[in-house]
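Structure first, then comments.
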Amino acid sequence: MTHHGPREIRSWLSDMDGVLVHEGAAIPGAAEFVRALRDGERPFLVLTNNSIFTPRDLRARLVGSGIDLPEDAIWTSALATAQFLTDQMPGGSAYVIGESGLTTALYEAGYTLTSSDPNFVVLGETRTYSFEAITQAVRLIQGGARFIATNPDVTGPSRDGDLPATGAVAAMISAATGRQPYFVGKPNPMMIRSALNRIDAHSETTVMVGDRMDTDVVAGIEAGLRTFLVLSGSTQRTDVERFPFRPSEIVDSVQDLVGRI
């Protein structure tokens with residue numbers, strides 16, 4: 001079978017930071033891009049590895065920047081983690097280090113949050129990592145709890161510079177326990193697959209839009225999607241050559257994709 005030209009695009013997955021927003025402000029064209037998806041009644045999800053916020057929080061932040069999308073169009077690593085744990089062990093228990101995005105997702109998935117003999121230790125993003133909580137996590141993992149982390153990002157941005165993020169704290173727990181976590185968020189294609197399932201989309205007719213080669217693009221490729229790299233975030237055109245894989249297309253920003261919807 002031969003493909004004549006690019007495959008039809010029916011569904012869209014898009015990263016959030018660097019694609020739609022940058023430090024709380026909408027990237028030019030982002031509001032139009034989202035409006036076109038909604039007007040065209042295209043199945044779409046906005047993905048983020050950040051597990052701090054609930055979709056409701058994120059929707060409010062996006063609306064504040066002029067981007068109006070429904071709460072159920074947001075897919076976070078916290079939601080993907082809750083989905084993964086539910087598939088692995090429905091109604092299980094977890095000791096959680098994280099904020100409301102993660103605790104709410106697990107609670108709504110029917111998980112019991114406990115520090116007493118949990119099935120899992122689940123590590124997410126938080127602004128204030130407590131040494132006591134990390135110590136508790138180490139002891140529970142030593143005692144047999146399975147170690148899960150929402151995302152492998154080692155740093156996160158702040159106005160004053162980088163902050164240590166989930167991946168960095170996971171490394172500390174791994175050093176103490178000798179156990180590596182299972183990371184659910186990008187670049188794990190599991191995050192993309194769970195997003196596709198959420199909107200009942202197929203990899204052959206879905207595109208992933210992202211600003212990072214090492215998370216968005218590689219996860220999209222591994223999940224069998226076409227990938228569009230935008231240069232509005234952390235990647236420049238010259239960076240692309242350093243990687244052993246390529247996006248399907250490179251565009252300046254989502255502004256260039258509005259006409260493709």
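We label chains A, B, ... in the order they appear in the structure tokens, count residues from 1 in each chain, and number ligands from 1 in the order shown.
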Would you give me, as a tab-separated table, each residue of region 175-245 of chain A having an atom within 10 Å of an atom of region 110-130 of chain A, along with its shortest atom pair and that distance in Å to one decimal, using only C-alpha atoms and sorting by chain and residue number?
residue	atom	partner	partner_atom	distance
A:Pro181	CA	A:Leu123	CA	8.9
A:Tyr182	CA	A:Val122	CA	9.6
A:Phe183	CA	A:Leu123	CA	9.4
Neighbours of Leu37 (chain A) within 12 Å (only C-alpha atoms; same-chain residues fewer than 2 positions away dropped), as a ChimeraX atom specification? /A:9-14,30-35,39-46,67-70,73,254,257-261
I'd like the contact shell of Gly185 (chain A) - 9 Å cut-off, only C-alpha atoms, skipping same-chain residues fewer than 3 positions apart - returned as a tab-separated table (two decimals) with N, CA, C and O atoms, in the first residue's frame.
chain	number	residue	atom	x	y	z
A	48	THR	N	0.23	18.15	29.39
A	48	THR	CA	1.31	18.73	30.18
A	48	THR	C	1.89	17.69	31.13
A	48	THR	O	1.15	16.89	31.71
A	49	ASN	N	3.22	17.71	31.26
A	49	ASN	CA	3.90	16.83	32.21
A	49	ASN	C	3.77	17.36	33.64
A	49	ASN	O	4.10	16.66	34.58
A	50	ASN	N	3.33	18.60	33.78
A	50	ASN	CA	3.22	19.19	35.11
A	50	ASN	C	2.06	18.53	35.85
A	50	ASN	O	0.94	18.48	35.34
A	76	THR	N	-3.11	15.79	31.93
A	76	THR	CA	-1.87	16.01	32.68
A	76	THR	C	-1.20	14.67	33.01
A	76	THR	O	-1.84	13.61	32.95
A	77	SER	N	0.07	14.74	33.37
A	77	SER	CA	0.76	13.50	33.78
A	77	SER	C	0.12	12.91	35.02
A	77	SER	O	0.18	11.70	35.25
A	78	ALA	N	-0.54	13.76	35.84
A	78	ALA	CA	-1.24	13.26	37.03
A	78	ALA	C	-2.44	12.39	36.62
A	78	ALA	O	-2.67	11.31	37.17
A	80	ALA	N	-2.80	10.89	33.69
A	80	ALA	CA	-2.27	9.69	33.03
A	80	ALA	C	-1.77	8.69	34.07
A	80	ALA	O	-1.94	7.47	33.91
A	81	THR	N	-1.17	9.19	35.15
A	81	THR	CA	-0.69	8.32	36.23
A	81	THR	C	-1.86	7.63	36.93
A	81	THR	O	-1.81	6.42	37.20
A	149	ALA	N	6.57	7.59	39.28
A	149	ALA	CA	6.74	9.05	39.23
A	149	ALA	C	5.95	9.59	38.04
A	149	ALA	O	5.86	8.94	36.99
A	150	THR	N	5.38	10.78	38.21
A	150	THR	CA	4.51	11.33	37.17
A	150	THR	C	5.28	11.70	35.92
A	150	THR	O	4.77	11.59	34.81
A	151	ASN	N	6.51	12.18	36.07
A	151	ASN	CA	7.27	12.66	34.90
A	151	ASN	C	8.75	12.73	35.23
A	151	ASN	O	9.12	12.93	36.38
A	152	PRO	N	9.61	12.58	34.20
A	152	PRO	CA	11.05	12.53	34.47
A	152	PRO	C	11.77	13.87	34.41
A	152	PRO	O	12.99	13.91	34.57
A	153	ASP	N	11.04	14.99	34.20
A	153	ASP	CA	11.71	16.29	34.08
A	153	ASP	C	12.54	16.57	35.34
A	153	ASP	O	12.01	16.50	36.46
A	188	ASN	N	7.56	9.02	27.85
A	188	ASN	CA	6.91	7.71	27.79
A	188	ASN	C	5.70	7.79	26.84
A	188	ASN	O	4.79	8.59	27.07
A	189	PRO	N	5.68	6.97	25.78
A	189	PRO	CA	4.53	7.03	24.87
A	189	PRO	C	3.21	6.63	25.54
A	189	PRO	O	2.15	6.89	25.00
A	190	MET	N	3.32	6.03	26.73
A	190	MET	CA	2.12	5.72	27.53
A	190	MET	C	1.24	6.95	27.71
A	190	MET	O	0.01	6.87	27.65
A	191	MET	N	1.87	8.10	27.92
A	191	MET	CA	1.13	9.36	28.12
A	191	MET	C	0.33	9.71	26.86
A	191	MET	O	-0.82	10.14	26.93
A	192	ILE	N	0.95	9.48	25.69
A	192	ILE	CA	0.29	9.76	24.41
A	192	ILE	C	-0.83	8.74	24.18
A	192	ILE	O	-1.94	9.09	23.77
A	215	THR	N	11.06	15.13	24.49
A	215	THR	CA	9.84	14.67	25.18
A	215	THR	C	8.69	14.54	24.18
A	215	THR	O	8.25	13.44	23.89
Residues at most 6 Å from region 201-214 of chain A, counting only C-alpha atoms, excluding those fewer than 2 positions away in the same chain, as a count of residues only? 24
Could you please write out, as a PyMOL selection string, every residue of region 12-243 of chain A that DSSP assigns to strand (DSSP E or B)? chain A and resi 12-15+17+21-22+25-26+44-48+74-76+93-97+112-113+120-123+146-149+155-156+163-164+182-183+206-210+226-230
